[in-house]
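Engineer: Just passing along the structure, written as structure tokens.
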There are 2 protein chains.
Amino acid sequence: MRIHPVILAGGRGERFWPLSRHARPKQLLPLVSEKTMVAETVDRLHGLADPGRAWILTAMDLRDAVRAAVPGVPAAQVVGEPTAKNTAPAIALAAWWLRGAGPDAVVAVLPSDHRIEPAERFRSDLKAAADLALAHRAIVTIGLKPTRPETGYGYIETGEPAAPGSPARRVAAFREKPDASTAERYVSGGRHLWNGGMFLFSPDVMLEELRAHAPEIAALLPRLPDGPSEEGSAAAVARFYEEAPSISIDYAVMERTSRALVLPATFAWDDLGSWAALAEAGDGDPSGNLARGETLLEDSSGVIAFSDQGLIATLGVKDLVIVRTGDVTLVCPRDRAQEVRTLVQRLKRDPRRAPYL
Amino acid sequence: MRIHPVILAGGRGERFWPLSRHARPKQLLPLVSEKTMVAETVDRLHGLADPGRAWILTAMDLRDAVRAAVPGVPAAQVVGEPTAKNTAPAIALAAWWLRGAGPDAVVAVLPSDHRIEPAERFRSDLKAAADLALAHRAIVTIGLKPTRPETGYGYIETGEPAAPGSPARRVAAFREKPDASTAERYVSGGRHLWNGGMFLFSPDVMLEELRAHAPEIAALLPRLPDGPSEEGSAAAVARFYEEAPSISIDYAVMERTSRALVLPATFAWDDLGSWAALAEAGDGDPSGNLARGETLLEDSSGVIAFSDQGLIATLGVKDLVIVRTGDVTLVCPRDRAQEVRTLVQRLKRDPRRAPYL
């Protein structure tokens with residue numbers, strides 16, 4: 001068994017504004033350590049999958065920044081997408097290019113901007129999922145035990161065990177973004193797991209399922225060269241992205257295939273949906289402050305202070321998010337951190353303020 | 001009658017940190033308009049006293065910055081004090097240099113960092129005080145009607161009218177920083193006014209009173225040359241400041257002289273003791289926000305946002321002071337703005353953080 005990580009790093013998340021910017025989205029930020037999230041993602045695989053085998057799909061204009069962030073990944077394997085077309089085309093492209101990797105090859109599709117701890121547990125789960133993918137010729141997704149009735153996530157309804165005694169289960173159904181009462185039911189019922197966007201499969205299994213359930217994508221693949229370094233590859237990839245529909249792998253394949261298995265994760269996971277999420281994992285000081293960069297937090301508690309440049313000084317404040325960059329300071333209550341996008345929307349309406357985006 | 005403004009601009013106030021810095025104290029900040037406070041002070045005299053007749057005493061290391069801020073004041077009349085020795089030596093020096101200005105000359109000692117509105121009222125009060133100073137050969141102070149039981153100010157207890165029908169009164173006593181209940185009594189009693197540090201007098205009257213009540217200062221004056229441009233003046237001034245005691249004019253002269261009169265002001269006054277004071281004068285937006293520089297205050301109220309560089313963006317916050325400079329962001333509740341000095345003290349204890357002072 002040999003894992004080929006395929007890391008999806010095309011996001012443009014605005015929820016970490018003003019640190020995240022159009023040209024420096026979440027995956028390129030050092031949010032949980034001094035390393036960028038995408039570098040954390042590669043490093044987390046240490047011992048399980050060599051960076052030389054990793055592929056990263058990102059937006060064309062972020063390609064150079066991603067290459068710089070993960071120097072261990074061969075530059076040709078950091079592919080710039082000329083248009084954002086959601087996850088299915090990217091995964092199809094990776095499966096196509098890895099189709100000749102041999103019978104023991106397993107693709108591990110991984111998001112680039114989640115917090116995952118500890119790395120050892122993650123690696124052992126990933127290895128177990130890869131083994132399952134080969135043994136069952138399945139597409140194995142890693143399911144996360146829900147800790148709150150989150151309405152913004154997709155849920156996986158688990159079915160029968162994949163085999164007697166196996167912790168893996170068949171997928172009974174995918175349930176996208178439920179309403180609050182349904183989400184409550186999912187969490188208390190114990191049969192649902194969060195979909196964290198991690199998928200493991202043999203390239204040929206994914207290609208078979210794409211042909212069966214997403215023929216409009218599968219039909220485009222044979223026109224592509226055999227790799228990104230082939231002559232004419234850049235133009236062919238551009239044409240592929242132009243013609244491919246914008247669709248998620250969940251919708252294009254996972255909700256339709258009968259070959260989906262889910263393995264419950266044993267690691268802790270957070271998709272870091274906002275500034276507030278950073279502090280919830282709890283590596284704050286005794287007053288519950290989480291500080292990064294130069295800060296002086298006097299008589300303050302529950303403050304998330306992120307300074308990219310210069311000093312953040314507070315006195316007598318509570319439960320605030322304060323972010324300072326070279327050109328912006330953001331201040332909002334922790335419990336409204338997920339509304340930061342509102343500010344980004346306001347800025348977008350004023351062309352003079354484009355430099356702050 | 002001819003007024004010679006003597007503006008005291010030696011303060012090192014830390015209450016407007018991080019905008020105020022050691023090298024850029026309050027009088028050099030554009031707090032109430034786009035002009036620095038010291039330039040406002042000079043401009044406020046327009047029509048009453050020409051800038052060419054103004055003198056400014058400031059700290060030696062601030063001298064060039066002050067000269068640049070008030071180009072209308074002759075450079076030689078912006079005097080750098082080599083040591084801070086409180087107000088009495090500075091006023092004595094000005095009286096000495098202006099002693100030959102003629103029988104109609106009146107010195108008007110004025111602080112450089114207060115908010116005073118409207119300027120017309122201020123000028124007519126100043127003119128009336130100058131007339132009184134000449135007519136009574138008195139030292140006339142301008143008294144401010146107290147609006148709150150402030151314990152940090154000096155109070156003037158008023159006595160008999162200076163003359164029948166005159167709004168001016170003899171000074172019964174100066175009362176420094178009373179306790180809270182005494183301050184309450186002063187405010188409700190109606191006989192006390194705030195001491196705003198504005199004094200008008202003939203140079204020779206002040207020199208007489210210095211000889212009588214502060215002979216240790218008066219004795220040093222004859223060793224000084226007749227003006228700042230005389231040969232050897234800089235060295236003589238340095239020696240004067242070295243030898244003079246550090247003492248306020250209130251304590252050295254005003255509390256002891258029998259020639260003090262007080263004229264109640266008809267203008268509005270604020271010494272701008274903290275960030276919070278800026279908003280109390282009330283030129284905020286409908287939500288009570290006071291913004292200077294680039295700001296985006298979404299669903300926020302009672303916010304004082306001062307950006308010197310870059311954007312301050314808030315979402316859902318209330319009654320905060322937020323100040324952004326090129327290298328520091330400060331966040332504190334409005335009602336704790338007067339404690340900003342605590343942060344400055346903390347920074348002083350850490351040599352690595354000296355650049356933020």
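Ordering of the structure tokens sets the chain letters (A, B, ...), residue numbers begin anew at 1 in every chain, and ligands are numbered from 1 in the order given.
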Hey, what does DSSP flag as helix (DSSP H, G or I) within range 135-282 of chain A? Can you give it to me as an MDAnalysis selection string?
Structural biologist: chainID A and resid 135:136 180:189 203:213 215:218 221:223 233:243 249:254 275:280
Engineer: Excluding Gly80 in chain B and its own-chain neighbours fewer than 6 positions away, which residues fall within 8 Å of it when counting only C-alpha atoms? Please give them as a ChimeraX atom specification.
Structural biologist: /B:57-63
Engineer: I need the residues from that last selection saved to file as a CSV table (one decimal), in the first residue's frame (with C-alpha atoms), if you can.
Structural biologist:
chain,number,residue,atom,x,y,z
B,57,LEU,CA,8.5,76.8,25.8
B,58,THR,CA,8.9,73.1,25.1
B,59,ALA,CA,11.3,70.3,25.8
B,60,MET,CA,14.6,70.6,24.0
B,61,ASP,CA,14.1,67.4,22.0
B,62,LEU,CA,10.7,68.5,20.9
B,63,ARG,CA,11.8,72.0,19.8
Engineer: To one decimal place, how far is CA of Leu110 in chain A from CA of Ala90 in chain A in Å?
Structural biologist: 11.8 Å
Engineer: Please check the contacts: residues of chain A at most 7 Å away from chain B, using only C-alpha atoms, listed as a PyMOL selection string.
Structural biologist: chain A and resi 310-317+327-333
Engineer: Tell me, as an NGL selection string, which residues lie within 9 Å of His136 in chain B, counting only C-alpha atoms; anything in the same chain fewer than 6 positions away does not count.
Structural biologist: :B and (162 or 259 or 261)
Engineer: Of the residues A:Val237, A:His22, A:Gly52, A:Pro74, which is the one nearest to Pro222 in chain A, using only C-alpha atoms?
Structural biologist: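 The closest residue to Pro222 in chain A is A:Val237.
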Engineer: Neighbouring residues of Ala168 in chain B were defined as those with any atom within 6 Å, considering only C-alpha atoms; residues of the same chain fewer than 6 positions away were excluded. Please report them as a PyMOL selection string.
Structural biologist: chain B and resi 161-162+262-263
Engineer: Output N, CA and C atoms of each residue in that selection to a file, as a PDB file, in the first residue's frame.
Structural biologist:
ATOM      1  N   PRO B 161     -15.959  90.558  44.465  1.00  0.00           N
ATOM      2  CA  PRO B 161     -15.742  91.075  43.099  1.00  0.00           C
ATOM      3  C   PRO B 161     -14.500  91.959  43.058  1.00  0.00           C
ATOM      4  N   ALA B 162     -13.805  91.925  41.927  1.00  0.00           N
ATOM      5  CA  ALA B 162     -12.593  92.740  41.755  1.00  0.00           C
ATOM      6  C   ALA B 162     -12.942  94.222  41.839  1.00  0.00           C
ATOM      7  N   VAL B 262      -9.538  86.292  39.437  1.00  0.00           N
ATOM      8  CA  VAL B 262     -10.006  85.213  38.570  1.00  0.00           C
ATOM      9  C   VAL B 262     -11.187  85.720  37.744  1.00  0.00           C
ATOM     10  N   LEU B 263     -11.122  85.473  36.460  1.00  0.00           N
ATOM     11  CA  LEU B 263     -12.216  85.844  35.560  1.00  0.00           C
ATOM     12  C   LEU B 263     -12.895  84.559  35.103  1.00  0.00           C
TER      13      LEU B 263
END
Engineer: Hey, what's within 12 Å of range 169-178 of chain B if we count only C-alpha atoms and toss same-chain stuff fewer than 4 positions away? As number ranges by chain, please?
Structural biologist: B: 129, 132, 136, 138-143, 149-165, 182-187, 191-197, 248-264
Engineer: Report as a ChimeraX atom specification: the residues of range 2-127 of chain B with a DSSP assignment of strand (DSSP E or B), based on the backbone of this structure.
Structural biologist: /B:2-9,21,24,55-59,78-81,105-111,115-117
Engineer: Could those residues be written to a file, using C-alpha atoms, as an mmCIF file, in the first residue's frame?
Structural biologist:
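Final file, part_36.cif:
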data_model
loop_
_atom_site.group_PDB
_atom_site.id
_atom_site.type_symbol
_atom_site.label_atom_id
_atom_site.label_comp_id
_atom_site.auth_asym_id
_atom_site.auth_seq_id
_atom_site.Cartn_x
_atom_site.Cartn_y
_atom_site.Cartn_z
ATOM 1 C CA ARG B 2 -0.809 94.147 23.610
ATOM 2 C CA ILE B 3 -0.915 90.445 24.346
ATOM 3 C CA HIS B 4 2.236 88.307 24.227
ATOM 4 C CA PRO B 5 1.171 84.667 24.279
ATOM 5 C CA VAL B 6 3.523 82.377 26.197
ATOM 6 C CA ILE B 7 2.511 78.851 25.334
ATOM 7 C CA LEU B 8 3.675 76.007 27.550
ATOM 8 C CA ALA B 9 4.261 72.926 25.422
ATOM 9 C CA ARG B 21 4.778 58.933 22.103
ATOM 10 C CA ARG B 24 5.292 63.120 19.851
ATOM 11 C CA TRP B 55 6.612 82.423 22.621
ATOM 12 C CA ILE B 56 6.569 78.689 23.106
ATOM 13 C CA LEU B 57 8.461 76.800 25.798
ATOM 14 C CA THR B 58 8.899 73.126 25.135
ATOM 15 C CA ALA B 59 11.296 70.280 25.827
ATOM 16 C CA VAL B 78 10.382 78.489 20.393
ATOM 17 C CA VAL B 79 12.614 77.760 23.364
ATOM 18 C CA GLY B 80 13.797 74.282 24.252
ATOM 19 C CA GLU B 81 14.012 73.515 27.953
ATOM 20 C CA ALA B 105 2.337 94.528 27.283
ATOM 21 C CA VAL B 106 0.437 91.637 28.848
ATOM 22 C CA VAL B 107 1.793 88.113 28.983
ATOM 23 C CA ALA B 108 -0.860 85.429 28.444
ATOM 24 C CA VAL B 109 0.384 82.064 29.705
ATOM 25 C CA LEU B 110 -1.538 79.337 27.884
ATOM 26 C CA PRO B 111 -1.411 75.557 27.908
ATOM 27 C CA ARG B 115 -9.803 71.984 23.843
ATOM 28 C CA ILE B 116 -11.339 75.475 23.888
ATOM 29 C CA GLU B 117 -14.478 76.481 22.005
#
Engineer: So which one's closest to Arg211 in chain B, B:Ala128, B:Gly273, B:Ala92, B:Leu290? Using only C-alpha atoms, please.
Structural biologist: B:Ala92
Engineer: What does the distance between CA of Pro71 in chain A and CA of Glu231 in chain A come to in Å, to one decimal place?
Structural biologist: 23.7 Å
Engineer: At a cut-off of 9 Å, using only C-alpha atoms, what residues contact range 37-39 of chain B? Leave out same-chain residues fewer than 4 positions from it and give the result as a PDB file with N, CA, C and O atoms, in the first residue's frame.
Structural biologist:
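Writing done, so here's out07.pdb:
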ATOM      1  N   ILE B   7       3.186  80.151  25.408  1.00  0.00           N
ATOM      2  CA  ILE B   7       2.511  78.851  25.334  1.00  0.00           C
ATOM      3  C   ILE B   7       3.418  77.778  25.930  1.00  0.00           C
ATOM      4  O   ILE B   7       4.576  77.638  25.520  1.00  0.00           O
ATOM      5  N   ALA B   9       4.432  74.139  26.249  1.00  0.00           N
ATOM      6  CA  ALA B   9       4.261  72.926  25.422  1.00  0.00           C
ATOM      7  C   ALA B   9       5.316  71.893  25.773  1.00  0.00           C
ATOM      8  O   ALA B   9       5.911  71.260  24.902  1.00  0.00           O
ATOM      9  N   LYS B  26       1.072  64.847  23.340  1.00  0.00           N
ATOM     10  CA  LYS B  26      -0.286  65.317  23.029  1.00  0.00           C
ATOM     11  C   LYS B  26      -0.322  66.632  22.255  1.00  0.00           C
ATOM     12  O   LYS B  26      -1.086  66.777  21.297  1.00  0.00           O
ATOM     13  N   GLN B  27       0.514  67.618  22.648  1.00  0.00           N
ATOM     14  CA  GLN B  27       0.446  68.934  21.994  1.00  0.00           C
ATOM     15  C   GLN B  27       0.848  68.872  20.522  1.00  0.00           C
ATOM     16  O   GLN B  27       0.546  69.779  19.760  1.00  0.00           O
ATOM     17  N   LEU B  28       1.499  67.778  20.139  1.00  0.00           N
ATOM     18  CA  LEU B  28       1.903  67.634  18.734  1.00  0.00           C
ATOM     19  C   LEU B  28       0.963  66.705  17.960  1.00  0.00           C
ATOM     20  O   LEU B  28       1.263  66.305  16.841  1.00  0.00           O
ATOM     21  N   LEU B  29      -0.170  66.371  18.571  1.00  0.00           N
ATOM     22  CA  LEU B  29      -1.127  65.492  17.895  1.00  0.00           C
ATOM     23  C   LEU B  29      -2.317  66.282  17.362  1.00  0.00           C
ATOM     24  O   LEU B  29      -2.736  67.262  17.965  1.00  0.00           O
ATOM     25  N   PRO B  30      -2.891  65.818  16.267  1.00  0.00           N
ATOM     26  CA  PRO B  30      -4.104  66.449  15.730  1.00  0.00           C
ATOM     27  C   PRO B  30      -5.341  65.828  16.376  1.00  0.00           C
ATOM     28  O   PRO B  30      -6.060  65.078  15.745  1.00  0.00           O
ATOM     29  N   LEU B  31      -5.592  66.139  17.642  1.00  0.00           N
ATOM     30  CA  LEU B  31      -6.652  65.426  18.361  1.00  0.00           C
ATOM     31  C   LEU B  31      -8.048  65.980  18.109  1.00  0.00           C
ATOM     32  O   LEU B  31      -9.003  65.231  18.025  1.00  0.00           O
ATOM     33  N   VAL B  32      -8.179  67.305  18.029  1.00  0.00           N
ATOM     34  CA  VAL B  32      -9.537  67.841  17.858  1.00  0.00           C
ATOM     35  C   VAL B  32      -9.793  68.341  16.444  1.00  0.00           C
ATOM     36  O   VAL B  32     -10.915  68.691  16.102  1.00  0.00           O
ATOM     37  N   SER B  33      -8.769  68.402  15.633  1.00  0.00           N
ATOM     38  CA  SER B  33      -8.943  68.778  14.228  1.00  0.00           C
ATOM     39  C   SER B  33      -7.797  68.150  13.463  1.00  0.00           C
ATOM     40  O   SER B  33      -7.083  67.300  13.991  1.00  0.00           O
ATOM     41  N   ASP B  43      -3.443  79.376  16.516  1.00  0.00           N
ATOM     42  CA  ASP B  43      -4.483  79.853  15.594  1.00  0.00           C
ATOM     43  C   ASP B  43      -5.681  80.441  16.332  1.00  0.00           C
ATOM     44  O   ASP B  43      -6.359  81.335  15.828  1.00  0.00           O
ATOM     45  N   ARG B  44      -5.948  79.916  17.504  1.00  0.00           N
ATOM     46  CA  ARG B  44      -7.099  80.365  18.282  1.00  0.00           C
ATOM     47  C   ARG B  44      -6.983  81.848  18.679  1.00  0.00           C
ATOM     48  O   ARG B  44      -7.972  82.498  19.005  1.00  0.00           O
ATOM     49  N   VAL B  66       8.089  71.245  17.291  1.00  0.00           N
ATOM     50  CA  VAL B  66       7.174  72.351  17.585  1.00  0.00           C
ATOM     51  C   VAL B  66       7.364  73.468  16.558  1.00  0.00           C
ATOM     52  O   VAL B  66       6.400  74.025  16.040  1.00  0.00           O
ATOM     53  N   ALA B  69       5.596  72.608  13.563  1.00  0.00           N
ATOM     54  CA  ALA B  69       4.133  72.607  13.710  1.00  0.00           C
ATOM     55  C   ALA B  69       3.561  74.019  13.674  1.00  0.00           C
ATOM     56  O   ALA B  69       2.404  74.215  13.299  1.00  0.00           O
ATOM     57  N   VAL B  70       4.342  75.036  14.099  1.00  0.00           N
ATOM     58  CA  VAL B  70       3.855  76.418  14.144  1.00  0.00           C
ATOM     59  C   VAL B  70       4.839  77.325  13.413  1.00  0.00           C
ATOM     60  O   VAL B  70       5.550  78.125  14.027  1.00  0.00           O
ATOM     61  N   PRO B  71       4.847  77.219  12.087  1.00  0.00           N
ATOM     62  CA  PRO B  71       5.836  77.980  11.321  1.00  0.00           C
ATOM     63  C   PRO B  71       5.672  79.498  11.482  1.00  0.00           C
ATOM     64  O   PRO B  71       6.618  80.246  11.235  1.00  0.00           O
ATOM     65  N   PRO B 111      -1.769  76.947  28.200  1.00  0.00           N
ATOM     66  CA  PRO B 111      -1.411  75.557  27.908  1.00  0.00           C
ATOM     67  C   PRO B 111      -1.586  75.285  26.414  1.00  0.00           C
ATOM     68  O   PRO B 111      -2.309  76.008  25.719  1.00  0.00           O
ATOM     69  N   SER B 112      -0.942  74.240  25.931  1.00  0.00           N
ATOM     70  CA  SER B 112      -0.933  73.975  24.495  1.00  0.00           C
ATOM     71  C   SER B 112      -1.775  72.775  24.103  1.00  0.00           C
ATOM     72  O   SER B 112      -1.787  72.391  22.934  1.00  0.00           O
ATOM     73  N   ASP B 113      -2.455  72.178  25.053  1.00  0.00           N
ATOM     74  CA  ASP B 113      -3.098  70.900  24.720  1.00  0.00           C
ATOM     75  C   ASP B 113      -4.507  70.767  25.290  1.00  0.00           C
ATOM     76  O   ASP B 113      -4.944  69.678  25.636  1.00  0.00           O
ATOM     77  N   HIS B 114      -5.218  71.899  25.350  1.00  0.00           N
ATOM     78  CA  HIS B 114      -6.601  71.841  25.824  1.00  0.00           C
ATOM     79  C   HIS B 114      -7.552  72.122  24.677  1.00  0.00           C
ATOM     80  O   HIS B 114      -7.195  72.762  23.704  1.00  0.00           O
ATOM     81  N   ARG B 115      -8.780  71.662  24.830  1.00  0.00           N
ATOM     82  CA  ARG B 115      -9.803  71.984  23.843  1.00  0.00           C
ATOM     83  C   ARG B 115     -10.556  73.206  24.355  1.00  0.00           C
ATOM     84  O   ARG B 115     -11.015  73.236  25.518  1.00  0.00           O
TER      85      ARG B 115
END
Engineer: Just give me the gap between CA of Ala277 in chain B and CA of Lys145 in chain B in Å, one decimal is fine.
Structural biologist: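 According to the coordinates, CA of Ala277 in chain B and CA of Lys145 in chain B are separated by 16.8 Å.
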Engineer: Of the candidates A:Leu45, A:Ala291, A:Leu200, A:Ala234, which one gets nearest to Arg137 in chain A if we count only C-alpha atoms?
Structural biologist: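 Among the listed residues, A:Leu200 lies closest to Arg137 in chain A.
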